[in-house]
Amino acid sequence: MCRMGDVLAGNHAVWEFDRTTDSMLIRFARGMRTPRLWHALGARRIPLEALSGMSLTVGRRDTVVLRASARPGADPLMEAAAGQLKEAWDPYRLVLPADRAARAAAFVDAVRERLPHGPAEPAGRFLVAAPAPRPPLTLKAYDARLVFDGSAVTLRWSRTGATSAKWKAGDQRYPLAELTGVEWHSPDRPGAHLRLLPRGHTGDPRPDHDLACAVFGVGCGAVHESLPFAAALLTALRDRAPVAAVPRARSGDRLQQLGELHGAGLLTDAEYAALRDRFTAGA
């Protein structure tokens, strides 16, 4: 049950501090004035270990502003955004009427008491779920349609939008195993695009010529569509782990280490089950 100060209703969002799970549930309202990215997010559960801090400041026009700081490496959405989100679109920012300042201060105090102490070290894995459904996922850019099927990303060039260099090269397919990362450049800025980073590949610096890059344009690659897509790719890349990462040890130690790797998100369910069965059988 939530206590006084554990629930805050602000502009277009409600924040709830769940003491039983040491997490914060953020529910975004639907409405004409709600940022479209928030519409796409719907609701997010943020473990307190994914936060590095929280602050309350005076806003404009008789408001107060509550801000939570995501721990580096904890949220795939913020990692993909890389500081490019407009302030009004920031999902870790809540604006409230000034008459709720006391309630907001109580909320901040309650959360701060449960936050980990000491410097915020970068998280070794994503602690917040990617803001997108499971693959297959699609994204329409200006010069391509991107399709992520869970194991690879395919860029299918648009006859009308792609440059002749891309069209002549044909559609491109990049397995996750060949990718080292993803770069998202906001459509709210010049040179907007989504670039895949294949291992050992030196692409053309020009987004409209790089075969691992999709260019955004008017009506194509909007923030609420392209950023969750990029976050989902980052999550898939982070979740991918080679089986060789499991150290050699005695059978009992191996099972314990497997459990730890699986719990940390370094082994998929399928990889964990296969290795567990093999070690249990004494192979």
# chains A, B, ... in the order shown; residues from 1 in each chain; ligands from 1
call {"tool": "residues_around", "arguments": {"residues": "Arg189 in chain A", "least_positions_apart": "5", "cutoff": "12 Å", "atoms": "only C-alpha atoms", "output": "list of chain:residue names"}}
result
A:Gln84, A:Leu85, A:Lys86, A:Trp184, A:Phe216, A:Gly217, A:Val218, A:Gly221, A:Ala222, A:Val223
call {"tool": "select_by_dssp", "arguments": {"residues": "range 125-248 of chain A", "states": "strand (DSSP E or B)", "output": "PDB file with N, CA and C atoms, in the first residue's frame"}}
result
ATOM      1  N   LEU A 137      10.311  -6.062 -35.165  1.00  0.00           N
ATOM      2  CA  LEU A 137      10.053  -4.633 -35.091  1.00  0.00           C
ATOM      3  C   LEU A 137      10.383  -4.000 -36.438  1.00  0.00           C
ATOM      4  N   THR A 138       9.647  -2.971 -36.794  1.00  0.00           N
ATOM      5  CA  THR A 138       9.913  -2.265 -38.043  1.00  0.00           C
ATOM      6  C   THR A 138       9.995  -0.765 -37.782  1.00  0.00           C
ATOM      7  N   LEU A 139      10.737  -0.089 -38.619  1.00  0.00           N
ATOM      8  CA  LEU A 139      10.868   1.361 -38.533  1.00  0.00           C
ATOM      9  C   LEU A 139      10.995   1.915 -39.942  1.00  0.00           C
ATOM     10  N   LYS A 140      10.162   2.891 -40.265  1.00  0.00           N
ATOM     11  CA  LYS A 140      10.225   3.521 -41.573  1.00  0.00           C
ATOM     12  C   LYS A 140      11.088   4.770 -41.506  1.00  0.00           C
ATOM     13  N   ALA A 144      14.810   4.081 -46.215  1.00  0.00           N
ATOM     14  CA  ALA A 144      14.794   2.631 -45.979  1.00  0.00           C
ATOM     15  C   ALA A 144      13.706   2.244 -44.991  1.00  0.00           C
ATOM     16  N   ARG A 145      13.388   0.979 -45.010  1.00  0.00           N
ATOM     17  CA  ARG A 145      12.568   0.391 -43.954  1.00  0.00           C
ATOM     18  C   ARG A 145      13.456  -0.591 -43.218  1.00  0.00           C
ATOM     19  N   LEU A 146      13.551  -0.416 -41.898  1.00  0.00           N
ATOM     20  CA  LEU A 146      14.373  -1.297 -41.090  1.00  0.00           C
ATOM     21  C   LEU A 146      13.491  -2.361 -40.458  1.00  0.00           C
ATOM     22  N   VAL A 147      13.977  -3.589 -40.477  1.00  0.00           N
ATOM     23  CA  VAL A 147      13.260  -4.714 -39.882  1.00  0.00           C
ATOM     24  C   VAL A 147      14.213  -5.450 -38.956  1.00  0.00           C
ATOM     25  N   PHE A 148      13.814  -5.580 -37.693  1.00  0.00           N
ATOM     26  CA  PHE A 148      14.599  -6.332 -36.721  1.00  0.00           C
ATOM     27  C   PHE A 148      13.798  -7.563 -36.327  1.00  0.00           C
ATOM     28  N   ALA A 152      18.694 -10.358 -36.488  1.00  0.00           N
ATOM     29  CA  ALA A 152      19.389  -9.530 -37.476  1.00  0.00           C
ATOM     30  C   ALA A 152      18.551  -8.308 -37.807  1.00  0.00           C
ATOM     31  N   VAL A 153      19.241  -7.285 -38.333  1.00  0.00           N
ATOM     32  CA  VAL A 153      18.569  -6.064 -38.783  1.00  0.00           C
ATOM     33  C   VAL A 153      18.727  -5.983 -40.291  1.00  0.00           C
ATOM     34  N   THR A 154      17.615  -5.798 -40.993  1.00  0.00           N
ATOM     35  CA  THR A 154      17.628  -5.676 -42.440  1.00  0.00           C
ATOM     36  C   THR A 154      17.227  -4.263 -42.841  1.00  0.00           C
ATOM     37  N   LEU A 155      17.987  -3.674 -43.760  1.00  0.00           N
ATOM     38  CA  LEU A 155      17.657  -2.366 -44.318  1.00  0.00           C
ATOM     39  C   LEU A 155      17.184  -2.565 -45.743  1.00  0.00           C
ATOM     40  N   ARG A 156      15.940  -2.255 -45.985  1.00  0.00           N
ATOM     41  CA  ARG A 156      15.344  -2.390 -47.317  1.00  0.00           C
ATOM     42  C   ARG A 156      15.189  -0.994 -47.905  1.00  0.00           C
ATOM     43  N   TRP A 157      15.961  -0.710 -48.923  1.00  0.00           N
ATOM     44  CA  TRP A 157      16.038   0.635 -49.466  1.00  0.00           C
ATOM     45  C   TRP A 157      14.758   1.061 -50.174  1.00  0.00           C
ATOM     46  N   GLN A 172      20.466  -4.573 -47.311  1.00  0.00           N
ATOM     47  CA  GLN A 172      21.554  -5.016 -46.440  1.00  0.00           C
ATOM     48  C   GLN A 172      20.989  -5.736 -45.215  1.00  0.00           C
ATOM     49  N   ARG A 173      21.673  -6.800 -44.796  1.00  0.00           N
ATOM     50  CA  ARG A 173      21.265  -7.554 -43.615  1.00  0.00           C
ATOM     51  C   ARG A 173      22.456  -7.686 -42.674  1.00  0.00           C
ATOM     52  N   TYR A 174      22.253  -7.311 -41.396  1.00  0.00           N
ATOM     53  CA  TYR A 174      23.320  -7.334 -40.407  1.00  0.00           C
ATOM     54  C   TYR A 174      22.910  -8.198 -39.213  1.00  0.00           C
ATOM     55  N   PRO A 175      23.488  -9.407 -39.079  1.00  0.00           N
ATOM     56  CA  PRO A 175      23.222 -10.234 -37.895  1.00  0.00           C
ATOM     57  C   PRO A 175      23.714  -9.519 -36.632  1.00  0.00           C
ATOM     58  N   LEU A 179      27.321  -6.882 -35.048  1.00  0.00           N
ATOM     59  CA  LEU A 179      27.151  -5.496 -34.635  1.00  0.00           C
ATOM     60  C   LEU A 179      27.781  -5.239 -33.271  1.00  0.00           C
ATOM     61  N   THR A 180      28.369  -4.060 -33.112  1.00  0.00           N
ATOM     62  CA  THR A 180      28.956  -3.662 -31.838  1.00  0.00           C
ATOM     63  C   THR A 180      28.151  -2.555 -31.160  1.00  0.00           C
ATOM     64  N   GLY A 181      27.224  -1.960 -31.882  1.00  0.00           N
ATOM     65  CA  GLY A 181      26.438  -0.888 -31.282  1.00  0.00           C
ATOM     66  C   GLY A 181      25.506  -0.223 -32.274  1.00  0.00           C
ATOM     67  N   VAL A 182      24.817   0.798 -31.793  1.00  0.00           N
ATOM     68  CA  VAL A 182      23.857   1.559 -32.590  1.00  0.00           C
ATOM     69  C   VAL A 182      24.004   3.033 -32.220  1.00  0.00           C
ATOM     70  N   GLU A 183      23.943   3.904 -33.215  1.00  0.00           N
ATOM     71  CA  GLU A 183      23.972   5.339 -32.969  1.00  0.00           C
ATOM     72  C   GLU A 183      22.670   5.961 -33.468  1.00  0.00           C
ATOM     73  N   TRP A 184      21.993   6.673 -32.573  1.00  0.00           N
ATOM     74  CA  TRP A 184      20.742   7.363 -32.919  1.00  0.00           C
ATOM     75  C   TRP A 184      20.992   8.858 -32.919  1.00  0.00           C
ATOM     76  N   HIS A 185      20.675   9.511 -34.034  1.00  0.00           N
ATOM     77  CA  HIS A 185      20.798  10.961 -34.139  1.00  0.00           C
ATOM     78  C   HIS A 185      19.390  11.523 -34.311  1.00  0.00           C
ATOM     79  N   HIS A 193      19.650  10.448 -38.304  1.00  0.00           N
ATOM     80  CA  HIS A 193      19.769   9.106 -38.878  1.00  0.00           C
ATOM     81  C   HIS A 193      19.942   8.070 -37.778  1.00  0.00           C
ATOM     82  N   LEU A 194      19.834   6.820 -38.169  1.00  0.00           N
ATOM     83  CA  LEU A 194      20.127   5.683 -37.292  1.00  0.00           C
ATOM     84  C   LEU A 194      21.229   4.881 -37.960  1.00  0.00           C
ATOM     85  N   ARG A 195      22.348   4.733 -37.263  1.00  0.00           N
ATOM     86  CA  ARG A 195      23.502   4.041 -37.843  1.00  0.00           C
ATOM     87  C   ARG A 195      23.814   2.775 -37.056  1.00  0.00           C
ATOM     88  N   LEU A 196      23.909   1.659 -37.758  1.00  0.00           N
ATOM     89  CA  LEU A 196      24.380   0.416 -37.170  1.00  0.00           C
ATOM     90  C   LEU A 196      25.898   0.421 -37.207  1.00  0.00           C
ATOM     91  N   LEU A 197      26.510  -0.227 -36.245  1.00  0.00           N
ATOM     92  CA  LEU A 197      27.972  -0.250 -36.164  1.00  0.00           C
ATOM     93  C   LEU A 197      28.482  -1.679 -36.309  1.00  0.00           C
ATOM     94  N   PRO A 198      28.649  -2.146 -37.561  1.00  0.00           N
ATOM     95  CA  PRO A 198      29.165  -3.503 -37.776  1.00  0.00           C
ATOM     96  C   PRO A 198      30.617  -3.601 -37.331  1.00  0.00           C
ATOM     97  N   CYS A 213      23.364   2.575 -42.563  1.00  0.00           N
ATOM     98  CA  CYS A 213      22.736   3.763 -41.993  1.00  0.00           C
ATOM     99  C   CYS A 213      21.417   4.056 -42.699  1.00  0.00           C
ATOM    100  N   ALA A 214      20.403   4.445 -41.917  1.00  0.00           N
ATOM    101  CA  ALA A 214      19.106   4.861 -42.462  1.00  0.00           C
ATOM    102  C   ALA A 214      18.886   6.325 -42.105  1.00  0.00           C
ATOM    103  N   VAL A 215      18.523   7.113 -43.096  1.00  0.00           N
ATOM    104  CA  VAL A 215      18.338   8.553 -42.922  1.00  0.00           C
ATOM    105  C   VAL A 215      16.890   8.856 -42.568  1.00  0.00           C
ATOM    106  N   GLY A 217      13.653  11.651 -42.162  1.00  0.00           N
ATOM    107  CA  GLY A 217      13.141  12.791 -42.911  1.00  0.00           C
ATOM    108  C   GLY A 217      11.785  13.184 -42.382  1.00  0.00           C
ATOM    109  N   CYS A 220       9.257  10.593 -41.206  1.00  0.00           N
ATOM    110  CA  CYS A 220       9.950   9.296 -41.161  1.00  0.00           C
ATOM    111  C   CYS A 220      11.021   9.307 -40.076  1.00  0.00           C
TER     112      CYS A 220
END
call {"tool": "atom_distance", "arguments": {"atom1": "CA of Phe126 in chain A", "atom2": "CA of Asp75 in chain A"}}
result
5.6 Å
call {"tool": "closest_residue", "arguments": {"among": "A:Leu176, A:Val64, A:Leu94, A:Leu77", "to": "Ala232 in chain A", "atoms": "only C-alpha atoms"}}
result
A:Leu77
call {"tool": "select_by_dssp", "arguments": {"residues": "range 22-152 of chain A", "states": "helix (DSSP H, G or I)", "output": "PyMOL selection string"}}
result
chain A and resi 36-41+48-50+76-81+87-89+98-114
call {"tool": "write_last_selection", "arguments": {"atoms": "N, CA and C atoms", "output": "compact mmCIF listing (two decimals), in the first residue's frame"}}
result
# COMPACT_ATOMS: atom_id res chain seq x y z
N ARG A 36 4.54 12.65 -27.59
CA ARG A 36 4.25 11.39 -28.29
C ARG A 36 5.17 10.26 -27.84
N LEU A 37 6.38 10.60 -27.42
CA LEU A 37 7.27 9.57 -26.89
C LEU A 37 6.66 8.95 -25.65
N TRP A 38 6.06 9.76 -24.78
CA TRP A 38 5.42 9.24 -23.58
C TRP A 38 4.24 8.35 -23.93
N HIS A 39 3.51 8.71 -24.99
CA HIS A 39 2.43 7.83 -25.46
C HIS A 39 3.01 6.46 -25.80
N ALA A 40 4.14 6.46 -26.51
CA ALA A 40 4.75 5.20 -26.93
C ALA A 40 5.25 4.39 -25.74
N LEU A 41 5.71 5.07 -24.70
CA LEU A 41 6.23 4.37 -23.52
C LEU A 41 5.11 3.75 -22.69
N LEU A 48 15.07 1.16 -8.23
CA LEU A 48 15.85 2.24 -7.63
C LEU A 48 17.34 2.09 -7.91
N GLU A 49 17.80 0.85 -8.12
CA GLU A 49 19.21 0.66 -8.43
C GLU A 49 19.57 1.22 -9.81
N ALA A 50 18.54 1.56 -10.61
CA ALA A 50 18.79 2.16 -11.92
C ALA A 50 18.89 3.68 -11.83
N PRO A 76 18.20 1.48 -21.49
CA PRO A 76 18.54 1.50 -22.92
C PRO A 76 17.98 2.70 -23.65
N LEU A 77 16.84 3.21 -23.20
CA LEU A 77 16.25 4.39 -23.85
C LEU A 77 17.17 5.60 -23.70
N MET A 78 17.65 5.84 -22.48
CA MET A 78 18.50 7.00 -22.25
C MET A 78 19.89 6.80 -22.84
N GLU A 79 20.34 5.56 -22.90
CA GLU A 79 21.63 5.29 -23.54
C GLU A 79 21.56 5.60 -25.02
N ALA A 80 20.45 5.20 -25.66
CA ALA A 80 20.29 5.48 -27.08
C ALA A 80 20.13 6.98 -27.33
N ALA A 81 19.40 7.65 -26.45
CA ALA A 81 19.15 9.09 -26.61
C ALA A 81 20.44 9.89 -26.48
N GLU A 87 13.95 18.72 -23.29
CA GLU A 87 13.60 18.67 -21.87
C GLU A 87 12.16 18.22 -21.67
N ALA A 88 11.25 18.70 -22.50
CA ALA A 88 9.83 18.37 -22.34
C ALA A 88 9.54 16.90 -22.61
N TRP A 89 10.44 16.21 -23.30
CA TRP A 89 10.24 14.80 -23.64
C TRP A 89 10.91 13.87 -22.64
N ALA A 98 2.80 24.22 -7.98
CA ALA A 98 3.61 24.61 -6.81
C ALA A 98 2.95 24.22 -5.50
N ASP A 99 1.62 24.11 -5.47
CA ASP A 99 0.96 23.75 -4.21
C ASP A 99 1.17 22.29 -3.83
N ARG A 100 1.84 21.52 -4.70
CA ARG A 100 2.16 20.13 -4.36
C ARG A 100 3.64 19.97 -4.00
N ALA A 101 4.30 21.09 -3.74
CA ALA A 101 5.73 21.06 -3.45
C ALA A 101 6.04 20.22 -2.21
N ALA A 102 5.23 20.37 -1.16
CA ALA A 102 5.48 19.62 0.08
C ALA A 102 5.34 18.12 -0.17
N ARG A 103 4.33 17.75 -0.92
CA ARG A 103 4.12 16.33 -1.23
C ARG A 103 5.27 15.80 -2.09
N ALA A 104 5.71 16.64 -3.03
CA ALA A 104 6.84 16.24 -3.88
C ALA A 104 8.12 16.07 -3.07
N ALA A 105 8.33 16.97 -2.11
CA ALA A 105 9.52 16.88 -1.26
C ALA A 105 9.51 15.60 -0.43
N ALA A 106 8.32 15.22 0.06
CA ALA A 106 8.20 13.98 0.83
C ALA A 106 8.50 12.78 -0.06
N PHE A 107 8.07 12.84 -1.31
CA PHE A 107 8.33 11.76 -2.27
C PHE A 107 9.84 11.64 -2.50
N VAL A 108 10.50 12.78 -2.72
CA VAL A 108 11.95 12.77 -2.96
C VAL A 108 12.68 12.19 -1.75
N ASP A 109 12.30 12.61 -0.57
CA ASP A 109 12.96 12.11 0.66
C ASP A 109 12.77 10.60 0.79
N ALA A 110 11.56 10.12 0.48
CA ALA A 110 11.28 8.69 0.61
C ALA A 110 12.14 7.87 -0.35
N VAL A 111 12.29 8.38 -1.57
CA VAL A 111 13.09 7.66 -2.56
C VAL A 111 14.57 7.73 -2.21
N ARG A 112 15.03 8.90 -1.84
CA ARG A 112 16.45 9.07 -1.52
C ARG A 112 16.90 8.14 -0.39
N GLU A 113 16.03 7.90 0.56
CA GLU A 113 16.37 7.01 1.67
C GLU A 113 16.69 5.60 1.20
N ARG A 114 16.11 5.22 0.06
CA ARG A 114 16.29 3.85 -0.43
C ARG A 114 17.29 3.76 -1.59
call {"tool": "residues_around", "arguments": {"residues": "Val7 in chain A", "least_positions_apart": "4", "cutoff": "7 Å", "atoms": "only C-alpha atoms", "output": "list of chain:residue names"}}
result
A:Trp15, A:Glu16, A:Phe17
call {"tool": "atom_distance", "arguments": {"atom1": "CA of Gly83 in chain A", "atom2": "CA of Ala70 in chain A"}}
result
11.5 Å
call {"tool": "residues_around", "arguments": {"residues": "Tyr92 in chain A", "least_positions_apart": "2", "cutoff": "7 Å", "atoms": "only C-alpha atoms", "output": "list in words"}}
result
Arg67, Ala68, Ser69, Asp90 and Leu94 of chain A
